[in-house]
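Okay, entry-v3.tsv now, which holds TSV, C-alpha atoms:
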```tsv
chain	number	residue	atom	x	y	z
P	582	MET	CA	-65.18	-12.59	40.37
P	583	SER	CA	-63.94	-9.18	41.44
P	584	LYS	CA	-60.40	-8.76	42.63
P	585	LEU	CA	-61.97	-7.77	45.94
P	586	THR	CA	-62.33	-11.48	46.59
P	587	VAL	CA	-58.65	-12.31	46.19
P	588	LEU	CA	-55.53	-11.10	47.92
P	589	ARG	CA	-54.13	-7.91	46.50
P	590	ALA	CA	-50.56	-8.63	47.56
P	591	VAL	CA	-48.06	-9.51	44.83
P	592	HIS	CA	-46.28	-12.76	45.63
P	593	ARG	CA	-42.80	-13.60	44.42
P	594	PRO	CA	-42.17	-17.37	44.67
P	595	GLY	CA	-38.61	-18.18	45.63
P	596	VAL	CA	-37.83	-14.82	47.22
P	597	LEU	CA	-39.81	-15.62	50.38
P	598	LEU	CA	-38.16	-19.01	50.82
P	599	ALA	CA	-34.67	-17.57	50.49
P	600	LEU	CA	-35.42	-14.73	52.86
P	601	LEU	CA	-36.94	-16.86	55.60
P	602	LEU	CA	-34.22	-19.46	55.38
P	603	LEU	CA	-31.71	-16.64	55.75
P	604	LEU	CA	-33.58	-15.45	58.84
P	605	GLY	CA	-33.25	-18.90	60.34
P	606	CYS	CA	-36.66	-20.55	60.26
P	607	PRO	CA	-36.26	-23.73	62.31
P	608	SER	CA	-36.06	-27.13	60.64
P	609	VAL	CA	-37.59	-28.97	63.61
P	610	PRO	CA	-40.82	-30.42	62.11
P	611	PHE	CA	-43.09	-29.74	65.10
P	612	VAL	CA	-41.92	-26.16	65.71
P	613	HIS	CA	-43.72	-23.61	63.57
P	614	PRO	CA	-42.88	-21.95	61.34
P	615	ASN	CA	-40.24	-24.31	60.02
P	616	THR	CA	-38.64	-24.92	56.63
P	617	LYS	CA	-41.52	-27.22	55.65
P	618	ASP	CA	-43.98	-24.40	56.27
P	619	VAL	CA	-41.92	-22.02	54.14
P	620	GLU	CA	-41.72	-24.60	51.36
P	621	GLN	CA	-45.48	-25.13	51.57
P	622	LEU	CA	-46.06	-21.40	51.25
P	623	GLU	CA	-43.87	-21.18	48.18
P	624	SER	CA	-45.61	-24.22	46.67
P	625	MET	CA	-49.05	-22.71	47.28
P	626	GLN	CA	-48.00	-19.43	45.70
P	627	LYS	CA	-46.75	-21.25	42.62
P	628	ALA	CA	-49.94	-23.31	42.41
P	629	ARG	CA	-52.13	-20.20	42.60
P	630	SER	CA	-50.03	-18.49	39.92
P	631	THR	CA	-50.78	-21.40	37.56
P	632	GLY	CA	-54.49	-21.43	38.38
P	633	ALA	CA	-54.48	-24.56	40.55
P	634	LEU	CA	-56.93	-22.95	42.96
P	635	ALA	CA	-58.77	-26.12	43.96
P	636	GLN	CA	-55.47	-27.67	45.02
P	637	VAL	CA	-54.59	-24.68	47.18
P	638	SER	CA	-58.08	-24.58	48.71
P	639	ARG	CA	-57.61	-28.11	50.06
P	640	GLU	CA	-54.18	-27.62	51.61
P	641	GLN	CA	-53.80	-28.77	55.20
P	642	ILE	CA	-51.89	-26.13	57.17
P	643	ALA	CA	-50.07	-27.16	60.35
P	644	CYS	CA	-48.38	-23.79	60.95
P	645	ASP	CA	-50.22	-22.37	63.95
P	646	SER	CA	-47.86	-19.87	65.58
P	647	VAL	CA	-48.35	-16.12	65.70
P	648	HIS	CA	-45.99	-15.46	62.81
P	649	ARG	CA	-46.21	-13.89	59.37
P	650	THR	CA	-45.40	-17.18	57.65
P	651	CYS	CA	-48.32	-18.98	59.31
P	652	ALA	CA	-50.65	-16.08	58.57
P	653	ARG	CA	-49.60	-15.90	54.93
P	654	LEU	CA	-50.23	-19.61	54.49
P	655	GLN	CA	-53.81	-19.03	55.62
P	656	MET	CA	-54.17	-16.00	53.36
P	657	GLU	CA	-53.02	-18.03	50.35
P	658	LYS	CA	-55.62	-20.68	51.13
P	659	GLY	CA	-58.32	-18.10	51.83
P	660	GLY	CA	-57.60	-16.25	48.60
P	661	ALA	CA	-57.92	-19.46	46.59
P	662	CYS	CA	-61.19	-20.31	48.32
P	663	LEU	CA	-62.61	-16.85	47.61
P	664	ALA	CA	-61.65	-17.16	43.97
P	665	LEU	CA	-63.73	-20.36	43.82
P	666	ALA	CA	-66.64	-18.94	45.82
P	667	GLU	CA	-69.05	-18.89	42.85
P	668	ALA	CA	-68.59	-22.58	42.03
P	669	SER	CA	-71.60	-24.02	40.21
P	670	ASP	CA	-71.94	-27.04	42.50
P	671	PRO	CA	-73.82	-25.99	45.69
P	672	ALA	CA	-71.80	-28.31	47.94
P	673	GLU	CA	-68.49	-27.04	46.58
P	674	ARG	CA	-69.68	-23.45	46.84
P	675	ALA	CA	-70.56	-23.98	50.50
P	676	ARG	CA	-67.19	-25.64	51.15
P	677	VAL	CA	-65.04	-22.90	49.67
P	678	ARG	CA	-67.04	-20.11	51.29
P	679	GLU	CA	-66.61	-21.72	54.70
P	680	CYS	CA	-62.95	-22.35	53.87
P	681	ALA	CA	-62.40	-18.67	53.02
P	682	ALA	CA	-63.98	-17.44	56.24
P	683	SER	CA	-62.03	-19.92	58.37
P	684	ALA	CA	-58.72	-19.24	56.63
P	685	PHE	CA	-58.90	-15.45	56.83
P	686	ALA	CA	-60.06	-15.58	60.45
P	687	ALA	CA	-57.02	-17.73	61.20
P	688	ALA	CA	-54.77	-15.33	59.27
P	689	ARG	CA	-55.94	-12.38	61.37
P	690	ARG	CA	-55.40	-14.38	64.55
P	691	LEU	CA	-51.87	-15.41	63.53
P	692	LEU	CA	-50.61	-12.06	62.25
P	693	PRO	CA	-48.24	-10.52	64.80
P	694	GLY	CA	-48.87	-6.99	65.97
P	695	ASP	CA	-45.84	-5.68	64.07
P	696	ALA	CA	-46.89	-7.23	60.75
P	697	PRO	CA	-46.93	-4.80	57.79
P	698	ALA	CA	-50.14	-2.82	57.44
P	699	ASN	CA	-50.79	-4.18	53.94
P	700	GLU	CA	-50.88	-7.75	55.28
P	701	LYS	CA	-53.33	-6.73	58.00
P	702	LEU	CA	-55.44	-5.05	55.33
P	703	ASP	CA	-55.33	-8.14	53.09
P	704	ALA	CA	-56.47	-10.34	55.96
P	705	GLY	CA	-59.26	-7.95	56.96
P	706	VAL	CA	-60.60	-7.44	53.43
P	707	GLY	CA	-60.45	-11.18	52.82
P	708	LEU	CA	-62.39	-11.95	55.98
P	709	ALA	CA	-65.00	-9.27	55.25
P	710	SER	CA	-65.46	-10.61	51.71
P	711	ALA	CA	-65.86	-14.15	53.02
P	712	LEU	CA	-68.39	-13.14	55.69
P	713	ARG	CA	-70.43	-11.27	53.08
P	714	LEU	CA	-70.58	-14.39	50.93
P	715	ARG	CA	-71.45	-16.67	53.85
P	716	ARG	CA	-74.38	-14.41	54.64
P	717	GLU	CA	-76.10	-15.39	51.37
P	718	GLY	CA	-78.72	-17.99	52.13
P	719	ALA	CA	-77.99	-17.98	55.86
P	720	THR	CA	-80.77	-18.47	58.40
P	721	PRO	CA	-82.03	-15.27	60.08
P	722	ASP	CA	-80.08	-15.95	63.28
P	723	SER	CA	-76.88	-16.77	61.38
P	724	ARG	CA	-77.33	-13.76	59.12
P	725	ARG	CA	-77.62	-11.42	62.11
P	726	ALA	CA	-74.48	-12.92	63.63
P	727	LEU	CA	-72.60	-12.60	60.34
P	728	ASN	CA	-73.70	-8.98	59.95
P	729	ALA	CA	-72.47	-8.27	63.48
P	730	GLU	CA	-69.10	-9.90	62.76
P	731	LEU	CA	-68.84	-8.09	59.43
P	732	ALA	CA	-69.59	-4.75	61.11
P	733	GLN	CA	-66.86	-5.44	63.68
P	734	THR	CA	-64.38	-6.36	60.93
P	735	THR	CA	-65.33	-3.16	59.12
P	736	GLU	CA	-64.31	-1.05	62.11
P	737	THR	CA	-60.93	-2.76	62.16
P	738	LEU	CA	-60.46	-1.96	58.47
P	739	ARG	CA	-61.35	1.67	59.12
P	740	GLY	CA	-58.30	2.03	61.35
P	741	LEU	CA	-55.81	0.59	58.84
P	742	PRO	CA	-53.85	2.59	56.25
P	743	GLY	CA	-55.76	2.24	52.97
P	744	GLY	CA	-58.68	0.59	54.72
P	745	ALA	CA	-61.18	3.47	54.73
P	746	PRO	CA	-62.76	2.77	51.29
P	747	TYR	CA	-63.19	-0.92	52.12
P	748	ALA	CA	-64.65	-0.06	55.52
P	749	ALA	CA	-67.16	2.31	53.91
P	750	PHE	CA	-68.20	-0.29	51.34
P	751	PHE	CA	-68.73	-3.09	53.85
P	752	ALA	CA	-70.44	-0.79	56.38
P	753	GLY	CA	-72.89	0.38	53.71
P	754	ASP	CA	-73.45	-3.20	52.62
P	755	VAL	CA	-74.32	-4.26	56.18
P	756	GLU	CA	-76.80	-1.41	56.57
P	757	LEU	CA	-78.52	-2.27	53.29
P	758	ASN	CA	-78.70	-5.98	54.10
P	759	ARG	CA	-80.20	-5.28	57.50
P	760	VAL	CA	-82.89	-3.14	55.85
P	761	LEU	CA	-83.73	-5.56	53.05
P	762	THR	CA	-84.00	-8.54	55.41
P	763	GLY	CA	-86.07	-6.68	58.01
P	764	GLU	CA	-83.35	-6.83	60.65
P	765	THR	CA	-83.68	-3.05	60.85
P	766	PRO	CA	-87.26	-2.15	61.89
P	767	PRO	CA	-89.32	-0.22	59.26
P	768	PRO	CA	-89.39	3.07	61.20
P	769	GLN	CA	-85.57	3.11	61.19
P	770	GLN	CA	-84.96	1.94	57.64
P	771	CYS	CA	-84.80	5.31	55.88
P	772	ALA	CA	-82.24	6.55	58.40
P	773	ALA	CA	-80.20	3.37	57.97
P	774	LEU	CA	-80.23	3.74	54.18
P	775	GLY	CA	-79.20	7.37	54.54
P	776	LYS	CA	-76.31	6.25	56.72
P	777	ALA	CA	-75.30	3.65	54.11
P	778	ALA	CA	-75.38	6.25	51.33
P	779	GLY	CA	-73.34	8.59	53.53
P	780	GLU	CA	-70.68	5.92	54.01
P	781	LEU	CA	-70.23	5.60	50.25
P	782	GLY	CA	-70.40	9.36	49.75
P	783	GLY	CA	-67.36	9.75	51.95
P	784	ILE	CA	-65.14	7.68	49.64
P	785	THR	CA	-62.81	9.99	47.75
P	786	ALA	CA	-60.52	7.51	45.99
P	787	ALA	CA	-61.70	3.94	45.54
P	788	PRO	CA	-59.15	1.24	44.70
P	789	PRO	CA	-59.72	-0.30	41.24
P	790	ASP	CA	-60.84	-3.62	42.73
P	791	LEU	CA	-63.60	-1.83	44.65
P	792	ALA	CA	-64.90	0.90	42.35
P	793	GLY	CA	-67.43	-1.25	40.49
P	794	ARG	CA	-68.76	-2.74	43.71
P	795	ILE	CA	-69.26	0.71	45.20
P	796	GLU	CA	-71.29	1.91	42.21
P	797	ALA	CA	-73.48	-1.20	42.31
P	798	LEU	CA	-74.07	-0.74	46.04
P	799	ARG	CA	-74.98	2.92	45.50
P	800	ARG	CA	-77.64	1.89	42.97
P	801	ASN	CA	-79.02	-0.77	45.30
P	802	ILE	CA	-79.27	1.70	48.16
P	803	ALA	CA	-81.03	4.24	45.94
P	804	ASP	CA	-83.48	1.56	44.77
P	805	ALA	CA	-84.24	0.64	48.38
P	806	GLN	CA	-84.81	4.30	49.25
P	807	ARG	CA	-87.27	4.72	46.35
P	808	SER	CA	-89.13	1.50	47.14
P	809	PRO	CA	-92.92	2.03	47.65
P	810	ALA	CA	-92.49	0.17	50.95
P	811	ARG	CA	-90.32	3.03	52.26
P	812	LYS	CA	-90.52	6.11	50.02
P	813	CYS	CA	-87.42	7.58	51.62
P	814	ALA	CA	-86.60	9.63	48.54
```
Would you mind writing the file out in structure tokens?
Amino acid sequence: MSKLTVLRAVHRPGVLLALLLLLGCPSVPFVHPNTKDVEQLESMQKARSTGALAQVSREQIACDSVHRTCARLQMEKGGACLALAEASDPAERARVRECAASAFAAARRLLPGDAPANEKLDAGVGLASALRLRREGATPDSRRALNAELAQTTETLRGLPGGAPYAAFFAGDVELNRVLTGETPPPQQCAALGKAAGELGGITAAPPDLAGRIEALRRNIADAQRSPARKCA
């Protein structure tokens, strides 16, 4: 699975715990975040670093305050779920894809407004990746709703430092999916595909975790444009 489906942040187990304890995270068990939450975050980071992704994907997270610690707990879980998103068992695949979408949506909700831009970007890219996966095999109504949510997430990414290439990729992907599934009416499909190609054409420097995906999407858009059903190009 591409690195696009996992968090790009580098975690340093132990450093976070020491820092947050120094900052005075409360030890009262029902006030979040507390020392238990910080310990859980460090434990999840260690588990992911050793490849225990299934364990992380099943963590129960109580931290529900608008705080970076609570958000990062959800991002750890979401990243593990995305890494397992191509599981061979259909039931497990459905579980982890739903888990990823729920976890990254929670992470975005819990990130405070003054959180670092890279954490906002991680949460947005993670959610967009999860929505794209959930769209596979969805019913027409669910697919339209997921495309709408993905398009909205894309616009948020566009406004973040470093988010423009990801926004262009996901925006182009939405346009192509809407064409291929008939969500975009036939008379408008060539224009939509042109818009999708234009999104990708505007990318000047793609991050390494995205470059291969962009090239594959470019080919798919070109194939759709050349299709006898459309003959756009």
- [ ] Extract, using only C-alpha atoms, all DNA, RNA and protein residues at most 7 Å from Cys644 in chain P, discarding same-chain residues fewer than 2 positions from it, and format them as number ranges by chain.
- [x] P: 613-614, 618, 642, 646, 651
Task: Residue among P:Pro768, P:Thr616, P:Gly740, P:Phe750 lying closest to Ala810 in chain P, counting all atoms listed in the file - done: P:Pro768
Task: For Thr737 in chain P: contacts at 10 Å, only C-alpha atoms, fewer than 3 positions along chain excluded, given as an NGL selection string - done: :P and (701-702 or 705-706 or 731-734 or 740-741 or 744-745 or 748)
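Each of P:Arg739, P:Arg674, P:Arg799, P:Arg811 was checked against Leu761 in chain P using all atoms listed in the file; the smallest atom-to-atom distance is that of P:Arg811.
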TODO: Enter the distance from CA of Arg690 in chain P to CA of Ala628 in chain P, in Å, rounded to one decimal.
DONE: 24.5 Å
Open item on the list: For Ala675 in chain P, find every residue with an atom within 12 Å (counting only C-alpha atoms), except residues of its own chain fewer than 5 positions away, and show them as number ranges by chain.
Closed with: P: 662-663, 665-670, 680-682, 711, 714-719
TODO: May I ask which of the residues P:Gln770, P:Thr720, P:Asn699, P:Ser624 is the closest one to Ala805 in chain P, counting all atoms listed in the file?
DONE: P:Gln770
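Pairwise distance (CA of Leu781 in chain P, CA of Asn758 in chain P) equals 14.9 Å.
Across the model, the gap from CA of Leu738 in chain P to CA of Ser630 in chain P is 26.9 Å.
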Distance table requested - range 650-762 of chain P against range 792-798 of chain P, cut-off 9 Å, all atoms listed in the file: one row per qualifying residue with the closest atom pair and its distance in Å to one decimal, ordered by chain and rising residue number, as CSV.
```
residue,atom,partner,partner_atom,distance
P:Phe750,CA,P:Ile795,CA,6.3
P:Gly753,CA,P:Leu798,CA,7.8
P:Asp754,CA,P:Leu798,CA,7.1
P:Leu757,CA,P:Leu798,CA,8.6
```
For the selection just defined, write its residues with C-alpha atoms to a file, as an mmCIF file, in the frame of the given file.
```cif
data_model
loop_
_atom_site.group_PDB
_atom_site.id
_atom_site.type_symbol
_atom_site.label_atom_id
_atom_site.label_comp_id
_atom_site.auth_asym_id
_atom_site.auth_seq_id
_atom_site.Cartn_x
_atom_site.Cartn_y
_atom_site.Cartn_z
ATOM 1 C CA PHE P 750 -68.200 -0.290 51.340
ATOM 2 C CA GLY P 753 -72.890 0.380 53.710
ATOM 3 C CA ASP P 754 -73.450 -3.200 52.620
ATOM 4 C CA LEU P 757 -78.520 -2.270 53.290
#
```
Find the residues near Asp645 in chain P: any atom within 12 Å, counting all atoms listed in the file, skip ones fewer than 3 places away on the same chain, and give them as a PDB file with C-alpha atoms, in the coordinates of the input.
```
ATOM      1  CA  PHE P 611     -43.090 -29.740  65.100  1.00  0.00           C
ATOM      2  CA  VAL P 612     -41.920 -26.160  65.710  1.00  0.00           C
ATOM      3  CA  HIS P 613     -43.720 -23.610  63.570  1.00  0.00           C
ATOM      4  CA  PRO P 614     -42.880 -21.950  61.340  1.00  0.00           C
ATOM      5  CA  ASN P 615     -40.240 -24.310  60.020  1.00  0.00           C
ATOM      6  CA  ASP P 618     -43.980 -24.400  56.270  1.00  0.00           C
ATOM      7  CA  GLN P 641     -53.800 -28.770  55.200  1.00  0.00           C
ATOM      8  CA  ILE P 642     -51.890 -26.130  57.170  1.00  0.00           C
ATOM      9  CA  HIS P 648     -45.990 -15.460  62.810  1.00  0.00           C
ATOM     10  CA  ARG P 649     -46.210 -13.890  59.370  1.00  0.00           C
ATOM     11  CA  THR P 650     -45.400 -17.180  57.650  1.00  0.00           C
ATOM     12  CA  CYS P 651     -48.320 -18.980  59.310  1.00  0.00           C
ATOM     13  CA  ALA P 652     -50.650 -16.080  58.570  1.00  0.00           C
ATOM     14  CA  ARG P 653     -49.600 -15.900  54.930  1.00  0.00           C
ATOM     15  CA  LEU P 654     -50.230 -19.610  54.490  1.00  0.00           C
ATOM     16  CA  GLN P 655     -53.810 -19.030  55.620  1.00  0.00           C
ATOM     17  CA  ALA P 684     -58.720 -19.240  56.630  1.00  0.00           C
ATOM     18  CA  ALA P 687     -57.020 -17.730  61.200  1.00  0.00           C
ATOM     19  CA  ALA P 688     -54.770 -15.330  59.270  1.00  0.00           C
ATOM     20  CA  ARG P 689     -55.940 -12.380  61.370  1.00  0.00           C
ATOM     21  CA  ARG P 690     -55.400 -14.380  64.550  1.00  0.00           C
ATOM     22  CA  LEU P 691     -51.870 -15.410  63.530  1.00  0.00           C
ATOM     23  CA  LEU P 692     -50.610 -12.060  62.250  1.00  0.00           C
TER      24      LEU P 692
END
```
Open item on the list: Using only C-alpha atoms for the distances, tell me which of P:Tyr747, P:Glu700, P:Glu764, P:Gly779 is nearest to Leu791 in chain P.
Closed with: P:Tyr747
Task: Among the residues P:Leu774, P:Ala787, P:Ala698, P:Ala661, the one that comes closest to Asp804 in chain P [using only C-alpha atoms] - done: P:Leu774
